[in-house]
file target-v6.tsv (TSV, C-alpha atoms (C1' of nucleotides))
chain	number	residue	atom	x	y	z
A	19	MET	CA	37.34	7.11	10.93
A	20	LYS	CA	35.06	4.69	12.77
A	21	ILE	CA	31.72	3.42	11.58
A	22	HIS	CA	29.65	5.75	13.71
A	23	GLU	CA	31.37	8.81	12.34
A	24	LEU	CA	31.01	7.58	8.79
A	25	ALA	CA	27.33	7.01	9.45
A	26	GLY	CA	27.05	10.61	10.58
A	27	GLN	CA	28.95	11.91	7.57
A	28	THR	CA	26.84	10.02	5.08
A	29	GLY	CA	23.42	9.88	6.71
A	30	LEU	CA	23.37	6.11	6.57
A	31	SER	CA	22.95	3.85	9.59
A	32	VAL	CA	25.83	1.75	10.86
A	33	HIS	CA	23.73	-1.29	9.99
A	34	THR	CA	23.43	-0.15	6.41
A	35	ILE	CA	27.14	0.53	6.06
A	36	ARG	CA	28.04	-2.93	7.28
A	37	PHE	CA	25.34	-4.36	5.02
A	38	TYR	CA	26.85	-2.58	2.00
A	39	GLU	CA	30.27	-3.94	2.85
A	40	LYS	CA	28.86	-7.46	3.09
A	41	GLU	CA	27.27	-6.95	-0.32
A	42	GLY	CA	30.64	-6.07	-1.80
A	43	LEU	CA	30.09	-2.35	-2.38
A	44	LEU	CA	33.18	-1.38	-0.40
A	45	ASP	CA	36.67	-2.83	-0.61
A	46	SER	CA	40.06	-2.53	1.05
A	47	ARG	CA	40.53	1.01	-0.26
A	48	HIS	CA	37.58	2.05	1.91
A	49	VAL	CA	37.73	-0.20	4.98
A	50	GLN	CA	40.60	-1.64	6.95
A	51	ARG	CA	40.67	-3.28	10.35
A	52	GLU	CA	42.36	-1.94	13.46
A	53	LYS	CA	44.13	-4.21	15.94
A	54	ASN	CA	40.96	-4.51	17.99
A	55	ASN	CA	39.07	-5.61	14.86
A	56	TYR	CA	37.18	-2.33	14.61
A	57	ARG	CA	36.55	-1.11	11.09
A	58	SER	CA	38.62	1.91	10.08
A	59	TYR	CA	37.35	3.93	7.14
A	60	ALA	CA	39.32	6.04	4.71
A	61	ASP	CA	37.91	9.39	3.57
A	62	GLU	CA	37.27	7.75	0.23
A	63	ALA	CA	34.50	5.77	1.87
A	64	ILE	CA	32.41	8.94	2.27
A	65	GLN	CA	32.57	9.63	-1.46
A	66	ARG	CA	31.87	6.01	-2.22
A	67	LEU	CA	28.75	5.89	-0.07
A	68	LYS	CA	27.51	9.20	-1.43
A	69	LEU	CA	28.02	7.87	-4.93
A	70	ILE	CA	26.03	4.76	-4.03
A	71	LYS	CA	23.20	6.89	-2.68
A	72	LYS	CA	23.21	9.00	-5.82
A	73	PHE	CA	23.04	6.06	-8.17
A	74	GLN	CA	20.43	4.39	-6.04
A	75	GLY	CA	18.39	7.52	-6.41
A	76	ILE	CA	18.21	6.99	-10.13
A	77	GLY	CA	16.99	3.45	-9.75
A	78	CYS	CA	20.18	1.40	-9.71
A	79	SER	CA	19.80	-1.74	-7.64
A	80	LEU	CA	22.59	-2.72	-5.29
A	81	VAL	CA	23.47	-5.60	-7.59
A	82	GLU	CA	23.81	-3.26	-10.55
A	83	LEU	CA	25.85	-0.86	-8.46
A	84	LYS	CA	28.11	-3.65	-7.31
A	85	GLU	CA	28.83	-4.57	-10.91
A	86	ILE	CA	29.51	-0.99	-11.91
A	87	LEU	CA	31.78	-0.31	-8.96
A	88	GLN	CA	33.67	-3.58	-9.19
A	89	ASP	CA	34.13	-3.16	-12.92
A	90	HIS	CA	35.30	0.33	-12.25
A	91	ASP	CA	37.73	-0.79	-9.59
A	92	ALA	CA	39.01	-3.70	-11.65
A	93	ARG	CA	38.79	-1.78	-14.91
A	94	THR	CA	37.27	-4.85	-16.58
A	95	ARG	CA	34.95	-2.94	-18.88
A	96	THR	CA	36.08	-1.32	-22.07
A	97	ASN	CA	35.57	2.38	-22.48
A	98	GLN	CA	32.98	1.65	-25.16
A	99	GLN	CA	30.98	-0.48	-22.76
A	100	VAL	CA	31.02	2.24	-20.14
A	101	ILE	CA	29.95	4.81	-22.72
A	102	ALA	CA	27.06	2.57	-23.74
A	103	TRP	CA	26.04	2.14	-20.12
A	104	ILE	CA	26.11	5.89	-19.49
A	105	ARG	CA	23.98	6.55	-22.57
A	106	ARG	CA	21.44	3.96	-21.44
A	107	LYS	CA	21.24	5.52	-17.99
A	108	ILE	CA	20.80	8.98	-19.48
A	109	ASP	CA	17.92	7.73	-21.60
A	110	GLU	CA	16.31	6.05	-18.61
A	111	ILE	CA	16.47	9.24	-16.59
A	112	GLU	CA	15.10	11.37	-19.41
A	113	LEU	CA	12.16	8.98	-19.60
A	114	LYS	CA	11.51	9.20	-15.89
A	115	LYS	CA	11.60	12.96	-16.07
A	116	GLN	CA	8.98	12.84	-18.80
A	117	GLU	CA	6.78	10.67	-16.61
A	118	TYR	CA	7.16	13.16	-13.80
A	119	ASP	CA	6.17	15.95	-16.15
A	120	GLN	CA	3.02	14.02	-16.98
A	121	MET	CA	2.25	13.63	-13.31
A	122	LEU	CA	2.84	17.33	-12.76
A	123	ASP	CA	0.30	17.99	-15.51
A	124	THR	CA	-2.21	15.78	-13.78
A	125	LEU	CA	-1.56	17.31	-10.37
A	126	GLY	CA	-1.69	20.79	-11.86
A	127	TRP	CA	-5.06	20.02	-13.33
A	128	MET	CA	-6.26	18.65	-10.01
A	129	LEU	CA	-5.05	21.71	-8.19
A	130	GLU	CA	-6.76	24.04	-10.62
A	131	TYR	CA	-9.99	22.11	-10.24
A	132	ARG	CA	-9.84	22.08	-6.46
A	133	MET	CA	-9.08	25.77	-6.29
A	134	LEU	CA	-11.86	26.63	-8.69
A	135	LEU	CA	-14.17	24.61	-6.47
A	136	GLU	CA	-13.52	27.20	-3.77
A	137	THR	CA	-14.15	30.24	-5.91
A	138	ASP	CA	-16.44	29.16	-8.72
A	139	PRO	CA	-18.01	25.72	-8.24
A	140	GLN	CA	-19.94	25.96	-11.48
A	141	LYS	CA	-16.85	26.45	-13.56
A	142	ALA	CA	-15.19	23.66	-11.62
A	143	ASN	CA	-17.97	21.28	-12.51
A	144	ALA	CA	-17.55	22.23	-16.12
A	145	MET	CA	-13.92	21.10	-15.87
A	146	LEU	CA	-15.09	17.63	-14.97
A	147	ALA	CA	-16.29	17.16	-18.52
A	148	SER	CA	-12.64	16.26	-19.03
A	149	GLN	CA	-11.23	12.90	-18.03
A	150	TYR	CA	-9.64	13.22	-14.60
A	151	ASP	CA	-11.44	12.96	-11.31
A	152	VAL	CA	-9.62	13.02	-8.01
B	13	MET	CA	-15.93	-7.32	-17.82
B	14	LYS	CA	-14.14	-10.27	-16.27
B	15	ILE	CA	-10.79	-10.15	-14.54
B	16	HIS	CA	-8.81	-11.42	-17.49
B	17	GLU	CA	-10.09	-8.72	-19.77
B	18	LEU	CA	-9.43	-6.04	-17.19
B	19	ALA	CA	-5.90	-7.38	-16.83
B	20	GLY	CA	-5.47	-7.01	-20.58
B	21	GLN	CA	-6.88	-3.49	-20.59
B	22	THR	CA	-4.65	-2.30	-17.77
B	23	GLY	CA	-1.50	-4.32	-18.23
B	24	LEU	CA	-1.75	-5.72	-14.73
B	25	SER	CA	-1.88	-9.41	-13.89
B	26	VAL	CA	-5.04	-11.02	-12.55
B	27	HIS	CA	-3.13	-11.72	-9.37
B	28	THR	CA	-2.31	-8.07	-8.95
B	29	ILE	CA	-5.88	-6.97	-9.54
B	30	ARG	CA	-7.21	-9.34	-6.89
B	31	PHE	CA	-4.39	-8.21	-4.61
B	32	TYR	CA	-5.38	-4.57	-5.03
B	33	GLU	CA	-8.98	-5.41	-4.24
B	34	LYS	CA	-7.91	-7.23	-1.10
B	35	GLU	CA	-5.89	-4.16	-0.14
B	36	GLY	CA	-8.97	-2.01	-0.43
B	37	LEU	CA	-8.07	-0.05	-3.56
B	38	LEU	CA	-11.27	-1.05	-5.34
B	39	ASP	CA	-14.80	-0.96	-4.04
B	40	SER	CA	-18.32	-1.87	-5.07
B	41	ARG	CA	-18.35	0.79	-7.77
B	42	HIS	CA	-15.61	-1.15	-9.52
B	43	VAL	CA	-16.29	-4.79	-8.73
B	44	GLN	CA	-19.47	-6.76	-8.28
B	45	ARG	CA	-20.02	-10.49	-8.14
B	46	GLU	CA	-21.95	-12.57	-10.65
B	47	LYS	CA	-24.15	-15.49	-9.65
B	48	ASN	CA	-21.22	-17.88	-10.10
B	49	ASN	CA	-19.15	-15.71	-7.76
B	50	TYR	CA	-16.96	-14.45	-10.59
B	51	ARG	CA	-15.89	-10.83	-10.32
B	52	SER	CA	-17.56	-8.47	-12.75
B	53	TYR	CA	-15.80	-5.17	-13.36
B	54	ALA	CA	-17.31	-1.85	-14.36
B	55	ASP	CA	-15.50	0.33	-16.91
B	56	GLU	CA	-14.62	2.61	-14.03
B	57	ALA	CA	-12.22	-0.06	-12.82
B	58	ILE	CA	-9.95	0.58	-15.80
B	59	GLN	CA	-9.63	4.24	-14.91
B	60	ARG	CA	-9.12	3.38	-11.28
B	61	LEU	CA	-6.30	0.97	-11.97
B	62	LYS	CA	-4.64	3.35	-14.40
B	63	LEU	CA	-4.86	6.06	-11.76
B	64	ILE	CA	-3.26	3.71	-9.24
B	65	LYS	CA	-0.44	2.98	-11.66
B	66	LYS	CA	0.11	6.66	-12.27
B	67	PHE	CA	0.28	7.56	-8.62
B	68	GLN	CA	2.48	4.62	-7.90
B	69	GLY	CA	4.80	5.96	-10.54
B	70	ILE	CA	5.38	9.08	-8.49
B	71	GLY	CA	6.25	7.11	-5.39
B	72	CYS	CA	2.89	6.69	-3.66
B	73	SER	CA	2.80	3.49	-1.64
B	74	LEU	CA	-0.31	1.36	-1.79
B	75	VAL	CA	-1.16	2.39	1.75
B	76	GLU	CA	-0.97	6.07	0.83
B	77	LEU	CA	-3.02	5.42	-2.28
B	78	LYS	CA	-5.63	3.58	-0.29
B	79	GLU	CA	-6.03	6.56	2.00
B	80	ILE	CA	-6.27	8.99	-0.87
B	81	LEU	CA	-8.78	6.91	-2.76
B	82	GLN	CA	-10.91	6.08	0.25
B	83	ASP	CA	-10.93	9.68	1.36
B	84	HIS	CA	-11.86	10.60	-2.16
B	85	ASP	CA	-14.66	8.05	-2.27
B	86	ALA	CA	-15.97	8.94	1.16
B	87	ARG	CA	-15.30	12.65	0.67
B	88	THR	CA	-13.89	12.81	4.18
B	89	ARG	CA	-11.24	15.38	3.38
B	90	THR	CA	-11.95	19.02	3.02
B	91	ASN	CA	-11.08	20.71	-0.20
B	92	GLN	CA	-8.33	22.59	1.62
B	93	GLN	CA	-6.77	19.36	2.80
B	94	VAL	CA	-6.78	17.97	-0.71
B	95	ILE	CA	-5.22	21.18	-2.03
B	96	ALA	CA	-2.50	20.93	0.59
B	97	TRP	CA	-1.84	17.33	-0.37
B	98	ILE	CA	-1.60	18.19	-4.07
B	99	ARG	CA	0.84	20.99	-3.34
B	100	ARG	CA	3.00	18.67	-1.26
B	101	LYS	CA	3.06	16.12	-4.03
B	102	ILE	CA	3.97	18.73	-6.61
B	103	ASP	CA	6.86	19.87	-4.43
B	104	GLU	CA	8.04	16.30	-3.97
B	105	ILE	CA	8.05	15.71	-7.69
B	106	GLU	CA	9.83	18.96	-8.45
B	107	LEU	CA	12.51	17.91	-5.98
B	108	LYS	CA	12.92	14.53	-7.60
B	109	LYS	CA	13.21	16.16	-10.97
B	110	GLN	CA	15.98	18.35	-9.63
B	111	GLU	CA	17.81	15.29	-8.33
B	112	TYR	CA	17.48	13.72	-11.75
B	113	ASP	CA	18.91	16.85	-13.33
B	114	GLN	CA	21.89	16.58	-11.02
B	115	MET	CA	22.39	12.97	-12.02
B	116	LEU	CA	22.15	13.97	-15.67
B	117	ASP	CA	24.90	16.50	-15.03
B	118	THR	CA	27.06	13.83	-13.46
B	119	LEU	CA	26.37	11.34	-16.22
B	120	GLY	CA	26.96	14.01	-18.86
B	121	TRP	CA	30.31	14.75	-17.31
B	122	MET	CA	31.16	11.06	-17.21
B	123	LEU	CA	30.19	10.66	-20.84
B	124	GLU	CA	32.28	13.60	-21.91
B	125	TYR	CA	35.26	12.22	-20.02
B	126	ARG	CA	34.88	8.75	-21.44
B	127	MET	CA	34.55	10.03	-24.98
B	128	LEU	CA	37.53	12.30	-24.63
B	129	LEU	CA	39.43	9.26	-23.42
B	130	GLU	CA	38.94	7.83	-26.89
B	131	THR	CA	40.05	10.85	-28.84
B	132	ASP	CA	42.36	12.83	-26.59
B	133	PRO	CA	43.50	10.95	-23.47
B	134	GLN	CA	45.61	13.85	-22.30
B	135	LYS	CA	42.71	16.25	-22.21
B	136	ALA	CA	40.67	13.55	-20.52
B	137	ASN	CA	43.21	13.25	-17.73
B	138	ALA	CA	43.09	16.99	-17.30
B	139	MET	CA	39.35	16.67	-16.66
B	140	LEU	CA	40.06	14.42	-13.70
B	141	ALA	CA	41.37	17.41	-11.82
B	142	SER	CA	37.67	17.93	-11.15
B	143	GLN	CA	35.78	15.93	-8.55
B	144	TYR	CA	34.01	13.04	-10.25
B	145	ASP	CA	35.57	9.70	-11.02
B	146	VAL	CA	33.57	6.80	-12.39
C	17	DG	C1'	-18.80	-34.96	-23.66
C	18	DT	C1'	-14.57	-33.51	-22.79
C	19	DA	C1'	-10.60	-30.67	-22.85
C	20	DA	C1'	-8.88	-26.21	-22.47
C	21	DA	C1'	-9.19	-22.08	-20.48
C	22	DC	C1'	-11.10	-19.46	-17.22
C	23	DT	C1'	-12.66	-18.39	-12.43
C	24	DG	C1'	-12.40	-18.74	-7.24
C	25	DT	C1'	-10.00	-19.16	-2.35
C	26	DA	C1'	-6.44	-19.21	1.24
C	27	DG	C1'	-2.18	-18.89	2.08
C	28	DA	C1'	2.82	-19.53	1.12
C	29	DG	C1'	6.88	-17.73	-1.27
C	30	DT	C1'	9.91	-14.10	-3.37
C	31	DG	C1'	13.37	-10.46	-3.73
C	32	DA	C1'	15.12	-6.14	-2.49
C	33	DA	C1'	16.95	-3.43	0.94
C	34	DC	C1'	17.32	-2.89	4.93
C	35	DT	C1'	16.72	-3.24	10.24
C	36	DC	C1'	17.22	-5.24	14.40
C	37	DT	C1'	18.71	-8.60	18.17
C	38	DA	C1'	21.63	-11.12	21.12
C	39	DA	C1'	25.67	-11.67	23.23
C	40	DG	C1'	29.81	-10.27	23.98
C	41	DG	C1'	34.49	-7.26	23.62
C	42	DC	C1'	36.86	-2.61	23.97
C	43	DA	C1'	37.55	2.49	25.41
C	44	DA	C1'	37.15	6.74	27.88
C	45	DG	C1'	35.53	9.61	31.61
C	46	DA	C1'	34.05	10.24	36.76
D	24	DT	C1'	36.47	0.39	39.17
D	25	DC	C1'	32.30	1.38	37.24
D	26	DT	C1'	29.41	3.02	33.84
D	27	DT	C1'	28.34	4.40	29.43
D	28	DG	C1'	28.70	3.88	24.88
D	29	DC	C1'	30.78	2.37	20.97
D	30	DC	C1'	32.45	-1.83	18.51
D	31	DT	C1'	32.05	-6.93	16.76
D	32	DT	C1'	29.47	-11.15	14.72
D	33	DA	C1'	25.82	-14.22	12.88
D	34	DG	C1'	21.64	-14.48	11.83
D	35	DA	C1'	16.67	-13.47	12.34
D	36	DG	C1'	12.93	-10.23	11.31
D	37	DT	C1'	10.54	-6.57	8.56
D	38	DT	C1'	8.27	-4.20	4.84
D	39	DC	C1'	6.63	-3.69	0.32
D	40	DA	C1'	4.53	-5.20	-3.63
D	41	DC	C1'	3.73	-8.53	-5.64
D	42	DT	C1'	3.73	-13.61	-7.42
D	43	DC	C1'	2.73	-18.12	-7.22
D	44	DT	C1'	0.61	-22.67	-5.67
D	45	DA	C1'	-2.82	-25.97	-4.76
D	46	DC	C1'	-7.01	-27.32	-5.31
D	47	DA	C1'	-11.62	-26.85	-6.81
D	48	DG	C1'	-15.66	-25.04	-9.50
D	49	DT	C1'	-17.37	-22.88	-14.22
D	50	DT	C1'	-17.51	-21.76	-19.07
D	51	DT	C1'	-16.52	-22.28	-23.80
D	52	DA	C1'	-15.09	-24.44	-28.16
D	53	DC	C1'	-14.93	-28.41	-30.74
call {"tool": "encode", "arguments": {"input": "target-v6.tsv", "output": "structure tokens"}}
result
Amino acid sequence: MKIHELAGQTGLSVHTIRFYEKEGLLDSRHVQREKNNYRSYADEAIQRLKLIKKFQGIGCSLVELKEILQDHDARTRTNQQVIAWIRRKIDEIELKKQEYDQMLDTLGWMLEYRMLLETDPQKANAMLASQYDV
Amino acid sequence: MKIHELAGQTGLSVHTIRFYEKEGLLDSRHVQREKNNYRSYADEAIQRLKLIKKFQGIGCSLVELKEILQDHDARTRTNQQVIAWIRRKIDEIELKKQEYDQMLDTLGWMLEYRMLLETDPQKANAMLASQYDV
DNA sequence: GTAAACTGTAGAGTGAACTCTAAGGCAAGA
DNA sequence: TCTTGCCTTAGAGTTCACTCTACAGTTTAC
């Protein structure tokens, strides 16, 4: 598979894929070179890039990802270390979800206020006795 | 209130507060100048900065925030437009929460696998028949 | 009175993650 | 053969959100 196809399969740009390789997020299992020096990707590369996207989505930096993936590939971490890492990540995500819930509360309040403004401005003004105002 | 105190109250640095002002996120309601040219902040500034932090937390860029806040201050948007914006934001957040739930599933699976590896490696290997592998 | 701690400005620097450019080589179809 | 379009590299440029520096004036505590 050539870079353009991989880009299509993963939704990343060819630039980004080459950038990831330069940053050490892909290795010989994922990319080889053809005689003409073109990159040739294994199917594994699709999974790898999708995994990268997924972990990025939960706030892993590329550096962190590189460590995880290289450790994984080289099996340099003990099982206990990996378990600890997973638990930490789970906690982080739970926390972020809580923050989102808070924001949903705020937005829900705002929405209620704005909709009341349409139907019953007096009641809406009464809501403003509370702390939010956007 | 001077900038240092506001920084303490909000958890932002003095640099950041001045930066936000330069970017147009604060206006005369929040900052005035004393005779010596020092900035003097109203209590409203605390709320404003906390609001900025909150919205940043849900992925609003400073540019987006500036628009929202200026529109709010100038009341240039109709109520309907604001309602539409709130609904969009709510949808965005719900989506992100779903993505987080997916990641929690993945991490939960990884954790289970890694823990089984400690107690029953054979069963753990059986798990690998499924699609994840980290 | 003086030192420490604060305030101001303009503007440069930082780090992350791309994103693009230039300049050229290779491949496939009309 | 020509054209179109994909491929290569090194390296420069971009965007965001700060973060810091240099240098100077002001305030406060002792």
call {"tool": "residues_near_point", "arguments": {"input": "target-v6.tsv", "point": "(7.6, -14.0, -3.1)", "cutoff": "6 Å", "atoms": "only C-alpha atoms (C1' of nucleotides)", "output": "VMD selection string"}}
result
(chain C and resid 29 to 30) or (chain D and resid 42)
call {"tool": "interface_residues", "arguments": {"input": "target-v6.tsv", "of": "chain B", "to": "chain D", "cutoff": "12 Å", "atoms": "only C-alpha atoms (C1' of nucleotides)", "output": "list in words"}}
result
Leu24, Ser25, Val26, His27, Thr28, Ile29, Arg30, Phe31, Tyr32, Glu35, Glu46, Lys47, Asn48, Asn49, Tyr50, Gln68, Cys72, Ser73, Leu74 and Val75 of chain B
call {"tool": "interface_residues", "arguments": {"input": "target-v6.tsv", "of": "chain C", "to": "chain B", "cutoff": "12 Å", "atoms": "only C-alpha atoms (C1' of nucleotides)", "output": "ChimeraX atom specification"}}
result
/C:21-25
call {"tool": "closest_residue", "arguments": {"input": "target-v6.tsv", "among": "A:Ile104, A:Leu113, A:Leu44, A:Ala144", "to": "chain B", "atoms": "only C-alpha atoms"}}
result
A:Ile104
call {"tool": "atom_distance", "arguments": {"input": "target-v6.tsv", "atom1": "atom CA of A:Ser58", "atom2": "atom C1' of C:DG40"}}
result
20.5 Å
call {"tool": "interface_residues", "arguments": {"input": "target-v6.tsv", "of": "chain B", "to": "chain A", "cutoff": "7 Å", "atoms": "only C-alpha atoms", "output": "list in words"}}
result
Ile70, His84, Asn91, Ile95, Ile98, Ile102, Ile105, Lys109, Tyr112, Leu116, Leu119, Leu123, Arg126 and Val146 of chain B
call {"tool": "atom_distance", "arguments": {"input": "target-v6.tsv", "atom1": "atom CA of B:Glu104", "atom2": "atom CA of B:Lys62"}}
result
20.9 Å
call {"tool": "atom_distance", "arguments": {"input": "target-v6.tsv", "atom1": "atom CA of A:Gly29", "atom2": "atom C1' of C:DC36"}}
result
18.1 Å
